[in-house]
>>> print(open('target06.cif').read())   # mmCIF, C-alpha atoms
data_model
loop_
_atom_site.label_atom_id
_atom_site.label_comp_id
_atom_site.auth_asym_id
_atom_site.auth_seq_id
_atom_site.Cartn_x
_atom_site.Cartn_y
_atom_site.Cartn_z
CA MET B 24 78.19 104.57 38.10
CA LEU B 25 77.75 105.25 41.82
CA ARG B 26 80.84 107.40 42.17
CA ASN B 27 81.54 110.78 40.66
CA SER B 28 83.79 110.84 37.63
CA GLU B 29 86.20 113.47 36.38
CA ASP B 30 83.49 115.31 34.51
CA GLY B 31 80.18 114.13 35.94
CA PHE B 32 78.24 113.17 39.03
CA GLY B 33 77.61 109.58 40.09
CA ALA B 34 74.26 108.16 41.17
CA VAL B 35 74.97 108.67 44.91
CA THR B 36 75.59 112.41 44.54
CA ILE B 37 72.57 112.80 42.25
CA ALA B 38 70.24 110.82 44.52
CA LEU B 39 71.37 112.75 47.61
CA HIS B 40 71.01 116.08 45.76
CA TRP B 41 67.44 115.51 44.59
CA ALA B 42 66.26 113.74 47.75
CA LEU B 43 67.52 116.70 49.79
CA ALA B 44 65.98 119.17 47.34
CA ALA B 45 62.56 117.50 47.61
CA LEU B 46 62.76 117.17 51.40
CA ILE B 47 63.92 120.75 51.93
CA LEU B 48 61.17 122.21 49.76
CA GLY B 49 58.55 119.95 51.38
CA LEU B 50 59.74 120.96 54.86
CA MET B 51 59.62 124.63 53.87
CA VAL B 52 55.98 124.22 52.82
CA ILE B 53 54.99 122.29 55.97
CA GLY B 54 56.94 124.70 58.16
CA PHE B 55 55.25 127.71 56.61
CA LEU B 56 51.76 126.17 56.85
CA MET B 57 52.07 125.03 60.47
CA ARG B 58 53.42 128.37 61.67
CA ARG B 59 51.57 130.91 59.54
CA ILE B 60 48.20 129.47 58.56
CA GLU B 61 45.18 129.30 60.85
CA MET B 62 44.14 125.65 61.11
CA GLU B 63 42.64 123.00 63.37
CA PRO B 64 44.98 122.47 66.35
CA SER B 65 44.98 118.69 65.80
CA LEU B 66 46.13 119.14 62.19
CA GLN B 67 48.74 121.65 63.33
CA PHE B 68 50.03 119.16 65.90
CA SER B 69 50.29 116.45 63.22
CA LEU B 70 52.10 118.79 60.84
CA TYR B 71 54.66 119.58 63.55
CA GLN B 72 55.31 115.87 64.07
CA TRP B 73 55.64 115.20 60.31
CA HIS B 74 57.94 118.23 60.06
CA LYS B 75 60.13 116.79 62.81
CA SER B 76 60.29 113.28 61.31
CA PHE B 77 61.08 114.55 57.80
CA GLY B 78 63.45 117.10 59.36
CA PHE B 79 65.46 114.35 61.07
CA THR B 80 65.49 112.42 57.78
CA THR B 81 66.83 115.53 56.08
CA MET B 82 69.48 115.98 58.74
CA GLY B 83 70.60 112.37 58.26
CA LEU B 84 70.84 112.81 54.50
CA ALA B 85 72.55 116.20 54.92
CA ILE B 86 75.20 114.54 57.09
CA LEU B 87 75.68 111.85 54.44
CA ARG B 88 75.79 114.53 51.76
CA ALA B 89 78.44 116.50 53.67
CA ALA B 90 80.51 113.37 54.35
CA TRP B 91 80.23 112.32 50.70
CA TRP B 92 81.26 115.80 49.62
CA PHE B 93 84.38 115.56 51.77
CA VAL B 94 85.47 112.08 50.71
CA GLU B 95 84.32 111.92 47.11
CA ARG B 96 86.12 113.56 44.19
CA HIS B 97 84.56 116.70 42.77
CA PRO B 98 84.00 116.64 39.00
CA GLN B 99 85.72 119.35 37.02
CA PRO B 100 83.50 122.40 36.59
CA VAL B 101 81.71 122.57 33.25
CA ALA B 102 84.25 123.92 30.79
CA SER B 103 82.24 126.97 29.79
CA LEU B 104 82.28 128.39 33.35
CA GLY B 105 84.38 131.50 33.88
CA PRO B 106 86.64 131.95 36.96
CA LEU B 107 84.05 134.09 38.77
CA GLU B 108 81.32 131.53 38.15
CA ARG B 109 83.60 128.74 39.39
CA SER B 110 84.31 130.64 42.62
CA ALA B 111 80.65 131.53 43.07
CA SER B 112 79.53 127.95 42.54
CA ARG B 113 82.19 126.60 44.92
CA LEU B 114 81.09 129.09 47.58
CA MET B 115 77.41 128.33 47.00
CA HIS B 116 77.93 124.56 47.31
CA ARG B 117 79.83 124.99 50.57
CA ALA B 118 77.17 127.31 51.91
CA LEU B 119 74.39 124.88 50.96
CA ILE B 120 76.16 121.96 52.61
CA ALA B 121 76.72 123.96 55.81
CA ILE B 122 73.24 125.42 56.04
CA GLY B 123 71.74 122.03 55.18
CA LEU B 124 73.21 120.83 58.48
CA LEU B 125 72.52 123.97 60.52
CA VAL B 126 68.79 124.28 59.75
CA PRO B 127 67.77 120.82 61.00
CA LEU B 128 70.16 121.12 63.94
CA ALA B 129 68.42 124.37 64.97
CA GLY B 130 65.07 122.60 64.50
CA TRP B 131 66.18 119.80 66.82
CA ALA B 132 67.21 122.52 69.30
CA VAL B 133 63.67 123.99 69.17
CA ALA B 134 62.13 120.62 70.11
CA SER B 135 64.81 120.15 72.79
CA ALA B 136 64.55 123.58 74.42
CA SER B 137 60.76 123.74 74.35
CA THR B 138 59.04 123.72 77.71
CA LEU B 139 56.31 121.64 76.07
CA ASP B 140 58.83 118.77 76.07
CA ILE B 141 57.07 116.96 73.21
CA PRO B 142 59.05 113.80 72.39
CA SER B 143 60.47 113.49 68.87
CA PHE B 144 58.92 110.16 67.91
CA TYR B 145 60.53 109.54 64.52
CA PHE B 146 57.70 108.38 62.23
CA ASN B 147 56.14 106.84 65.35
CA LEU B 148 58.94 104.29 65.37
CA VAL B 149 61.75 105.44 67.63
CA VAL B 150 62.18 108.28 70.11
CA ILE B 151 65.01 110.62 69.21
CA PRO B 152 66.31 112.13 72.46
CA HIS B 153 66.38 115.87 72.97
CA LEU B 154 69.68 117.76 72.78
CA PRO B 155 71.02 118.61 76.24
CA LEU B 156 69.83 122.22 76.18
CA PRO B 157 68.22 124.24 78.95
CA LYS B 158 64.45 124.36 78.60
CA SER B 159 62.84 127.75 78.85
CA GLU B 160 60.46 129.95 76.93
CA ALA B 161 63.34 132.26 76.02
CA ALA B 162 65.53 129.38 74.79
CA GLU B 163 62.65 127.96 72.75
CA ALA B 164 61.92 131.38 71.21
CA PHE B 165 65.61 131.89 70.38
CA TRP B 166 65.97 128.51 68.64
CA ALA B 167 62.65 128.91 66.84
CA PHE B 168 63.87 132.25 65.49
CA ALA B 169 67.26 130.79 64.54
CA HIS B 170 65.61 127.81 62.83
CA ALA B 171 63.24 130.02 60.82
CA ALA B 172 65.89 132.63 59.95
CA LEU B 173 68.34 129.97 58.78
CA ALA B 174 65.56 128.28 56.82
CA TYR B 175 64.76 131.53 55.00
CA VAL B 176 68.46 132.07 54.26
CA MET B 177 68.58 128.50 52.93
CA LEU B 178 65.50 129.17 50.80
CA GLY B 179 67.28 132.19 49.33
CA LEU B 180 70.43 130.14 48.62
CA VAL B 181 68.37 127.33 47.07
CA ALA B 182 66.54 129.86 44.88
CA ALA B 183 69.84 131.41 43.72
CA HIS B 184 71.32 127.94 43.15
CA ALA B 185 68.28 126.82 41.11
CA ALA B 186 68.18 130.10 39.18
CA ALA B 187 71.86 129.71 38.29
CA ALA B 188 71.27 126.13 37.12
CA LEU B 189 68.29 127.21 35.00
CA PHE B 190 70.27 130.13 33.61
CA HIS B 191 73.02 127.75 32.52
CA HIS B 192 70.50 125.35 31.03
CA ILE B 193 68.27 127.82 29.19
CA VAL B 194 70.56 130.72 28.35
CA ARG B 195 74.03 129.20 28.25
CA ARG B 196 72.75 125.78 27.14
CA ASP B 197 75.61 124.04 28.94
CA ALA B 198 75.68 120.85 31.06
CA VAL B 199 75.53 122.46 34.53
CA LEU B 200 71.94 121.32 35.14
CA THR B 201 71.82 118.19 33.00
CA ARG B 202 74.81 116.58 34.65
CA MET B 203 72.91 116.68 37.93
CA LEU B 204 69.93 114.99 36.26
CA HIS B 205 71.64 111.75 35.34
CA SER B 206 74.82 109.93 35.97
CA SER B 207 77.69 110.65 33.55
CA PHE B 208 77.60 107.04 32.35
CA GLY B 209 74.11 107.19 30.87
CA ALA B 210 73.43 107.13 27.14
CA SER B 211 72.07 110.67 27.23
CA ASP B 212 75.41 111.89 28.53
CA ARG B 213 76.85 111.56 25.11
CA ALA B 214 74.46 114.22 23.91
CA THR B 215 75.46 116.41 26.85
CA GLU B 216 79.11 115.86 26.19
CA ALA B 217 78.55 116.64 22.52
CA ARG B 218 76.86 119.88 23.53
CA ASP B 219 79.73 120.68 25.90
CA ASP B 220 82.16 120.09 23.08
CA GLU B 221 80.09 122.37 20.89
CA ASN B 222 80.21 125.04 23.61
CA VAL B 223 83.92 124.71 23.92
CA VAL B 224 84.35 125.03 20.15
CA ARG B 225 82.00 128.01 20.07
CA ARG B 226 83.98 129.65 22.83
CA MET L 28 40.77 130.50 93.09
CA ILE L 29 40.81 128.51 96.27
CA ALA L 30 38.98 130.44 98.96
CA HIS L 31 40.74 130.58 102.27
CA CYS L 32 38.10 130.78 104.99
CA PRO L 33 39.02 131.82 108.49
CA VAL L 34 38.24 128.92 110.80
CA SER L 35 37.38 129.56 114.40
CA GLY L 36 38.84 127.46 117.17
CA ARG L 37 35.44 125.99 117.89
CA ASN L 38 35.02 124.97 114.25
CA VAL L 39 38.40 123.34 114.25
CA LEU L 40 37.36 121.37 117.30
CA LYS L 41 34.07 120.50 115.64
CA ALA L 42 35.86 119.29 112.55
CA THR L 43 38.66 117.44 114.25
CA LEU L 44 36.85 115.85 117.14
CA PRO L 45 34.85 113.32 115.14
CA LEU L 46 37.92 112.54 113.10
CA ALA L 47 40.00 112.05 116.24
CA LEU L 48 37.31 109.87 117.78
CA PHE L 49 37.07 107.95 114.56
CA LEU L 50 40.83 107.47 114.42
CA VAL L 51 40.91 106.31 118.03
CA ALA L 52 38.01 103.94 117.34
CA GLY L 53 39.70 102.84 114.15
CA ALA L 54 42.92 102.17 116.00
CA ALA L 55 41.04 100.33 118.74
CA ASP L 56 39.31 97.81 116.50
CA ALA L 57 41.71 98.26 113.55
CA GLN L 58 38.83 98.45 111.10
CA ALA L 59 38.28 100.81 108.21
CA PRO L 60 34.84 102.36 107.94
CA THR L 61 32.60 100.27 105.75
CA LEU L 62 30.68 101.68 102.83
CA ALA L 63 27.42 100.53 104.43
CA GLU L 64 28.20 102.57 107.55
CA ALA L 65 28.71 105.63 105.42
CA ALA L 66 25.23 105.43 103.92
CA GLY L 67 23.62 108.69 102.89
CA SER L 68 23.46 111.39 100.25
CA TYR L 69 26.43 113.62 99.58
CA ARG L 70 27.37 116.61 97.52
CA ILE L 71 30.84 116.67 96.00
CA ALA L 72 32.85 119.45 97.66
CA SER L 73 34.87 121.89 95.60
CA SER L 74 37.90 120.98 97.72
CA SER L 75 37.99 117.67 95.87
CA SER L 76 40.62 117.19 93.20
CA ILE L 77 40.28 115.69 89.73
CA ARG L 78 43.75 115.02 88.40
CA PHE L 79 44.73 113.27 85.20
CA LEU L 80 47.86 112.15 83.46
CA VAL L 81 48.47 111.28 79.83
CA PRO L 82 51.78 109.39 79.75
CA GLN L 83 54.16 110.08 76.89
CA VAL L 84 56.41 107.80 74.86
CA GLY L 85 59.96 107.39 76.10
CA GLY L 86 59.19 108.38 79.70
CA GLY L 87 59.05 111.99 80.82
CA GLY L 88 56.25 113.71 82.62
CA GLY L 89 53.53 113.43 80.01
CA ILE L 90 50.56 115.77 80.15
CA ALA L 91 49.43 116.21 83.73
CA GLY L 92 46.57 118.41 84.72
CA GLU L 93 43.48 118.87 86.77
CA PHE L 94 40.01 120.32 86.59
CA ALA L 95 39.15 123.23 88.83
CA ARG L 96 35.38 123.26 88.29
CA PHE L 97 33.07 120.30 88.77
CA SER L 98 29.95 119.35 90.64
CA GLY L 99 28.09 116.22 91.53
CA THR L 100 26.20 114.18 94.03
CA PHE L 101 26.29 110.61 95.19
CA ARG L 102 24.23 108.37 97.38
CA ILE L 103 25.49 105.40 99.31
CA ASP L 104 22.76 102.86 99.88
CA GLY L 105 23.17 101.49 103.40
CA ARG L 106 21.23 98.29 102.84
CA ASP L 107 22.60 97.48 99.41
CA VAL L 108 25.79 99.26 98.42
CA GLY L 109 25.20 97.92 94.89
CA ARG L 110 22.26 100.28 94.61
CA SER L 111 24.37 103.34 95.33
CA SER L 112 24.70 105.94 92.59
CA VAL L 113 26.75 108.90 91.47
CA GLU L 114 26.22 111.78 89.09
CA PHE L 115 29.12 113.94 88.19
CA THR L 116 29.73 116.90 85.89
CA LEU L 117 33.00 118.56 85.15
CA TYR L 118 33.69 121.68 83.14
CA PRO L 119 36.69 121.09 80.86
CA GLU L 120 37.10 124.83 80.32
CA SER L 121 38.53 124.86 83.86
CA VAL L 122 41.38 122.50 82.95
CA ARG L 123 44.72 123.42 84.48
CA ALA L 124 48.07 122.21 83.16
CA ARG L 125 51.69 123.24 83.58
CA GLU L 126 51.45 125.93 80.93
CA ARG L 127 48.88 128.01 79.11
CA ARG L 128 49.65 126.54 75.68
CA ILE L 129 48.75 123.06 76.94
CA GLU L 130 45.56 124.33 78.58
CA ASN L 131 44.47 126.07 75.38
CA PHE L 132 45.23 122.96 73.35
CA LEU L 133 43.16 120.82 75.74
CA ARG L 134 40.25 123.28 75.45
CA SER L 135 40.52 123.44 71.65
CA SER L 136 38.68 121.39 69.05
CA ALA L 137 41.60 118.93 69.19
CA VAL L 138 40.61 117.68 72.65
CA PHE L 139 37.61 118.83 74.74
CA ASP L 140 36.22 121.29 72.18
CA THR L 141 34.84 123.44 75.00
CA ALA L 142 33.31 125.90 72.52
CA ASN L 143 30.82 123.19 71.55
CA PHE L 144 30.81 120.88 74.57
CA GLN L 145 30.83 122.66 77.90
CA THR L 146 30.57 119.62 80.15
CA VAL L 147 31.82 116.09 80.65
CA THR L 148 29.34 113.99 82.60
CA PHE L 149 29.34 110.66 84.36
CA ARG L 150 26.26 108.78 85.50
CA SER L 151 26.73 105.51 87.29
CA THR L 152 24.83 102.48 86.11
CA SER L 153 26.13 99.94 88.61
CA VAL L 154 28.19 99.82 91.76
CA ALA L 155 29.87 96.63 92.88
CA GLN L 156 31.42 96.43 96.33
CA THR L 157 34.79 94.73 96.12
CA GLY L 158 35.88 94.96 99.77
CA PRO L 159 34.91 96.60 103.07
CA GLY L 160 35.98 100.02 101.81
CA THR L 161 36.31 99.50 98.08
CA ALA L 162 33.95 99.37 95.13
CA THR L 163 33.88 99.47 91.38
CA VAL L 164 31.61 102.06 89.83
CA GLU L 165 30.50 101.57 86.26
CA GLY L 166 28.64 104.19 84.32
CA ALA L 167 28.08 106.27 81.24
CA LEU L 168 30.76 108.85 80.53
CA THR L 169 29.78 111.52 78.03
CA ALA L 170 32.40 113.77 76.45
CA ARG L 171 32.24 115.64 73.15
CA GLY L 172 28.73 114.26 72.66
CA LYS L 173 29.89 110.65 72.78
CA THR L 174 28.88 108.25 75.51
CA HIS L 175 30.72 105.11 76.54
CA THR L 176 30.71 102.83 79.54
CA GLU L 177 33.65 103.39 81.85
CA ARG L 178 34.72 101.90 85.14
CA PHE L 179 36.39 103.47 88.15
CA ALA L 180 37.92 101.89 91.24
CA VAL L 181 36.77 103.61 94.42
CA THR L 182 38.49 103.39 97.78
CA LEU L 183 37.05 104.91 100.91
CA SER L 184 39.88 106.84 102.51
CA ASP L 185 38.29 108.89 105.25
CA TRP L 186 34.93 109.16 106.86
CA GLY L 187 33.40 111.52 109.35
CA ARG L 188 29.91 112.40 110.51
CA SER L 189 29.36 115.07 107.87
CA SER L 190 31.84 114.20 105.17
CA ILE L 191 33.42 111.30 103.43
CA ARG L 192 36.48 111.02 101.26
CA PHE L 193 37.32 108.64 98.44
CA THR L 194 40.21 108.12 96.12
CA ILE L 195 38.99 107.16 92.68
CA ARG L 196 41.16 105.80 89.94
CA GLY L 197 40.32 104.92 86.39
CA ASP L 198 41.98 104.52 83.03
CA ILE L 199 39.98 106.00 80.19
CA ARG L 200 40.76 105.48 76.53
CA ARG L 201 40.33 108.86 74.84
CA ALA L 202 40.11 107.75 71.18
CA PRO L 203 36.42 106.65 71.44
CA TYR L 204 35.56 110.23 72.39
CA GLY L 205 37.26 111.67 69.32
CA MET L 206 40.21 112.89 71.39
CA ASP L 207 42.95 110.74 69.90
CA VAL L 208 45.14 113.71 68.94
CA GLY L 209 48.82 113.14 69.61
CA THR L 210 48.68 109.34 69.79
CA PRO L 211 50.96 107.42 69.91
CA ILE L 212 53.34 110.10 71.22
CA TYR L 213 50.88 110.58 74.03
CA SER L 214 49.11 107.53 75.37
CA ASN L 215 45.56 106.80 74.34
CA VAL L 216 44.92 105.91 77.97
CA VAL L 217 44.32 108.80 80.35
CA ARG L 218 44.92 107.98 84.01
CA PHE L 219 42.48 109.66 86.34
CA ASP L 220 43.35 110.09 89.97
CA MET L 221 40.61 111.78 91.95
CA ASN L 222 40.30 112.68 95.55
CA ILE L 223 36.60 113.21 96.13
CA ARG L 224 35.25 114.74 99.28
CA GLY L 225 31.51 114.39 99.79
CA LEU L 226 29.57 116.61 102.18
CA ARG L 227 26.48 115.02 103.67
CA ARG L 228 23.32 116.67 102.37
#
>>> encode(input="target06.cif", output="structure tokens")
Amino acid sequence: MLRNSEDGFGAVTIALHWALAALILGLMVIGFLMRRIEMEPSLQFSLYQWHKSFGFTTMGLAILRAAWWFVERHPQPVASLGPLERSASRLMHRALIAIGLLVPLAGWAVASASTLDIPSFYFNLVVIPHLPLPKSEAAEAFWAFAHAALAYVMLGLVAAHAAAALFHHIVRRDAVLTRMLHSSFGASDRATEARDDENVVRR
Amino acid sequence: MIAHCPVSGRNVLKATLPLALFLVAGAADAQAPTLAEAAGSYRIASSSSIRFLVPQVGGGGGIAGEFARFSGTFRIDGRDVGRSSVEFTLYPESVRARERRIENFLRSSAVFDTANFQTVTFRSTSVAQTGPGTATVEGALTARGKTHTERFAVTLSDWGRSSIRFTIRGDIRRAPYGMDVGTPIYSNVVRFDMNIRGLRR
């Protein structure tokens, strides 16, 4: 139930996947608003602090996700996937796991290198110390650029990943998307499996 | 910003002689000047300093700054120090901090809102002497159109024939003035540390 099986994802993988998806998209929206939209400075300050707290949450989950990915078995790819698709998906998943760690790390570096020296007060509960980086305007600008550039690359990867999943669901009508929606032990999996079987037969 | 005036030798003597005499006298009877002795009306000199600090969570420097422009007068009542008074205006647009971004934030609608409120004023309502050279001044502080009673601890630090110097300390909660941005990362309590030099009028 919690663990991945030979042909499906367990609840842990699914929960981490969707929690990270929601957090990443939410952080993208907050990040875009606080940097690009003219607004009251007090609201902007609050958005930065929310962005940092949710960003640290995302980093924590991304670390868990990466660790889980390393220790947990990987289900077999959906049978209908060709060799190129299998390679592409493997590459995409690795890239997403890596960039999911790099983006928040670069964000932490921005807060750490900033001459403003604003503490990262995680949800107003605990102070997360700055990384031991030199503080300067140039260092802050560099990390801010790196954080934003990596975030846009991640957005592109997420878009490609989601588009591929939707393509498989709508056009190919295979289980690529649905097996990330529920654990392989659910009742609805039987329908998925039946459809997979159908795909295999059709192939 | 700070004008450097050439001072003639005679002026130096004029300025230092009373101080020297005062120090000698002070050493002789080991007594600080009393507030009653310093009675008179004074104008607050621009060489005074109005510093503040907003501490931040987890240590670190916090937000430190000062105001470059201010004006005010005060009167020390010789017969009844309790009847002394002070009126003070500062111009938050002149706030100085360690970097421009902080200054602009302090001027913005998030804090002083200098576009709409050009001044912060203080008018004393009562003065209570607490020692030979110390007093507590209570009064109405107005910032961003809101007025609340605040209290400052005043210590007489230097006194000459034509000028007088105080250190003034006070902790002001900023939330009642609609300036609670950044709490609790930055303390609600702003620590003021002022060095006020009054020139006799």
>>> resolve_selection(input="target06.cif", expression="the PyMOL selection byres ((chain L) within 12 of (chain B))", output="PyMOL selection string")
chain L and resi 82-91+124-140+205-213
>>> residues_around(input="target06.cif", residues="Gly166 of chain L", least_positions_apart="2", cutoff="6 Å", atoms="all atoms listed in the file", output="PyMOL selection string")
chain L and resi 150-152+176-177
>>> atom_distance(input="target06.cif", atom1="atom CA of Val154 of chain L", atom2="atom CA of Leu80 of chain L")
24.7 Å
>>> atom_distance(input="target06.cif", atom1="atom CA of Trp166 of chain B", atom2="atom CA of Ala134 of chain B")
8.9 Å
>>> closest_residue(input="target06.cif", among="L:Asn222, L:Glu114, L:Thr148, L:Ser190", to="Glu93 of chain L", atoms="only C-alpha atoms")
L:Asn222
>>> resolve_selection(input="target06.cif", expression="the PyMOL selection byres ((chain B and resi 37-54) around 8)", output="list in words")
Phe32, Gly33, Ala34, Val35, Thr36, Phe55, Leu56, Met57, Arg58, Leu70, Tyr71, His74, Phe77, Gly78, Thr81, Leu84, Ala85, Arg88, Ala174, Met203, Leu204, His205 and Ser206 of chain B
>>> resolve_selection(input="target06.cif", expression="the PyMOL selection byres ((chain L and resi 94-97) around 10)", output="ChimeraX atom specification")
/L:28-29,71-79,92-93,98-99,115-124,146-148
>>> axis_aligned_box(input="target06.cif", around="segment 98-105 of chain B", padding_each_side="8 Å", output="JSON")
{"center_x": 83.7, "center_y": 124.1, "center_z": 34.4, "size_x": 20.0, "size_y": 30.9, "size_z": 25.2}
>>> residues_near_point(input="target06.cif", point="(21.0, 106.4, 102.7)", cutoff="9 Å", atoms="all atoms listed in the file", output="list in words")
Ala63, Ala65, Ala66, Gly67, Ser68, Arg102, Ile103, Asp104, Gly105, Arg106 and Ser111 of chain L
>>> decode(input="target06.cif", residues="segment 160-180 of chain L", atoms="N, CA and C atoms", output="compact mmCIF listing (two decimals), in the first residue's frame")
# COMPACT_ATOMS: atom_id res chain seq x y z
N GLY L 160 19.54 63.99 38.02
CA GLY L 160 19.75 64.29 36.59
C GLY L 160 18.92 63.40 35.68
N THR L 161 17.86 62.84 36.20
CA THR L 161 17.06 61.93 35.38
C THR L 161 15.57 62.27 35.50
N ALA L 162 14.85 61.97 34.45
CA ALA L 162 13.41 62.22 34.44
C ALA L 162 12.73 61.26 33.47
N THR L 163 11.45 61.13 33.65
CA THR L 163 10.63 60.38 32.70
C THR L 163 9.69 61.37 32.03
N VAL L 164 9.72 61.36 30.71
CA VAL L 164 8.86 62.26 29.95
C VAL L 164 7.78 61.43 29.27
N GLU L 165 6.55 61.81 29.55
CA GLU L 165 5.41 61.13 28.93
C GLU L 165 4.74 62.09 27.98
N GLY L 166 4.25 61.59 26.87
CA GLY L 166 3.61 62.50 25.93
C GLY L 166 2.91 61.79 24.81
N ALA L 167 2.38 62.60 23.91
CA ALA L 167 1.61 62.08 22.78
C ALA L 167 2.51 61.97 21.57
N LEU L 168 2.69 60.75 21.09
CA LEU L 168 3.48 60.50 19.89
C LEU L 168 2.51 60.28 18.73
N THR L 169 2.70 61.04 17.67
CA THR L 169 1.82 60.91 16.50
C THR L 169 2.65 60.46 15.30
N ALA L 170 2.27 59.34 14.74
CA ALA L 170 2.92 58.83 13.53
C ALA L 170 1.85 58.19 12.67
N ARG L 171 1.94 58.42 11.37
CA ARG L 171 0.94 57.90 10.42
C ARG L 171 -0.47 58.26 10.85
N GLY L 172 -0.63 59.45 11.44
CA GLY L 172 -1.97 59.92 11.81
C GLY L 172 -2.53 59.29 13.06
N LYS L 173 -1.73 58.47 13.72
CA LYS L 173 -2.22 57.82 14.95
C LYS L 173 -1.45 58.35 16.14
N THR L 174 -2.16 58.61 17.22
CA THR L 174 -1.53 59.19 18.41
C THR L 174 -1.68 58.25 19.59
N HIS L 175 -0.56 58.02 20.25
CA HIS L 175 -0.57 57.18 21.46
C HIS L 175 0.37 57.79 22.49
N THR L 176 0.11 57.45 23.74
CA THR L 176 0.96 57.95 24.82
C THR L 176 2.21 57.09 24.91
N GLU L 177 3.35 57.74 24.92
CA GLU L 177 4.62 57.02 25.03
C GLU L 177 5.45 57.65 26.14
N ARG L 178 6.44 56.90 26.58
CA ARG L 178 7.26 57.36 27.70
C ARG L 178 8.75 57.19 27.35
N PHE L 179 9.51 58.19 27.70
CA PHE L 179 10.96 58.14 27.45
C PHE L 179 11.72 58.41 28.74
N ALA L 180 12.84 57.75 28.90
CA ALA L 180 13.70 57.97 30.06
C ALA L 180 14.80 58.95 29.65
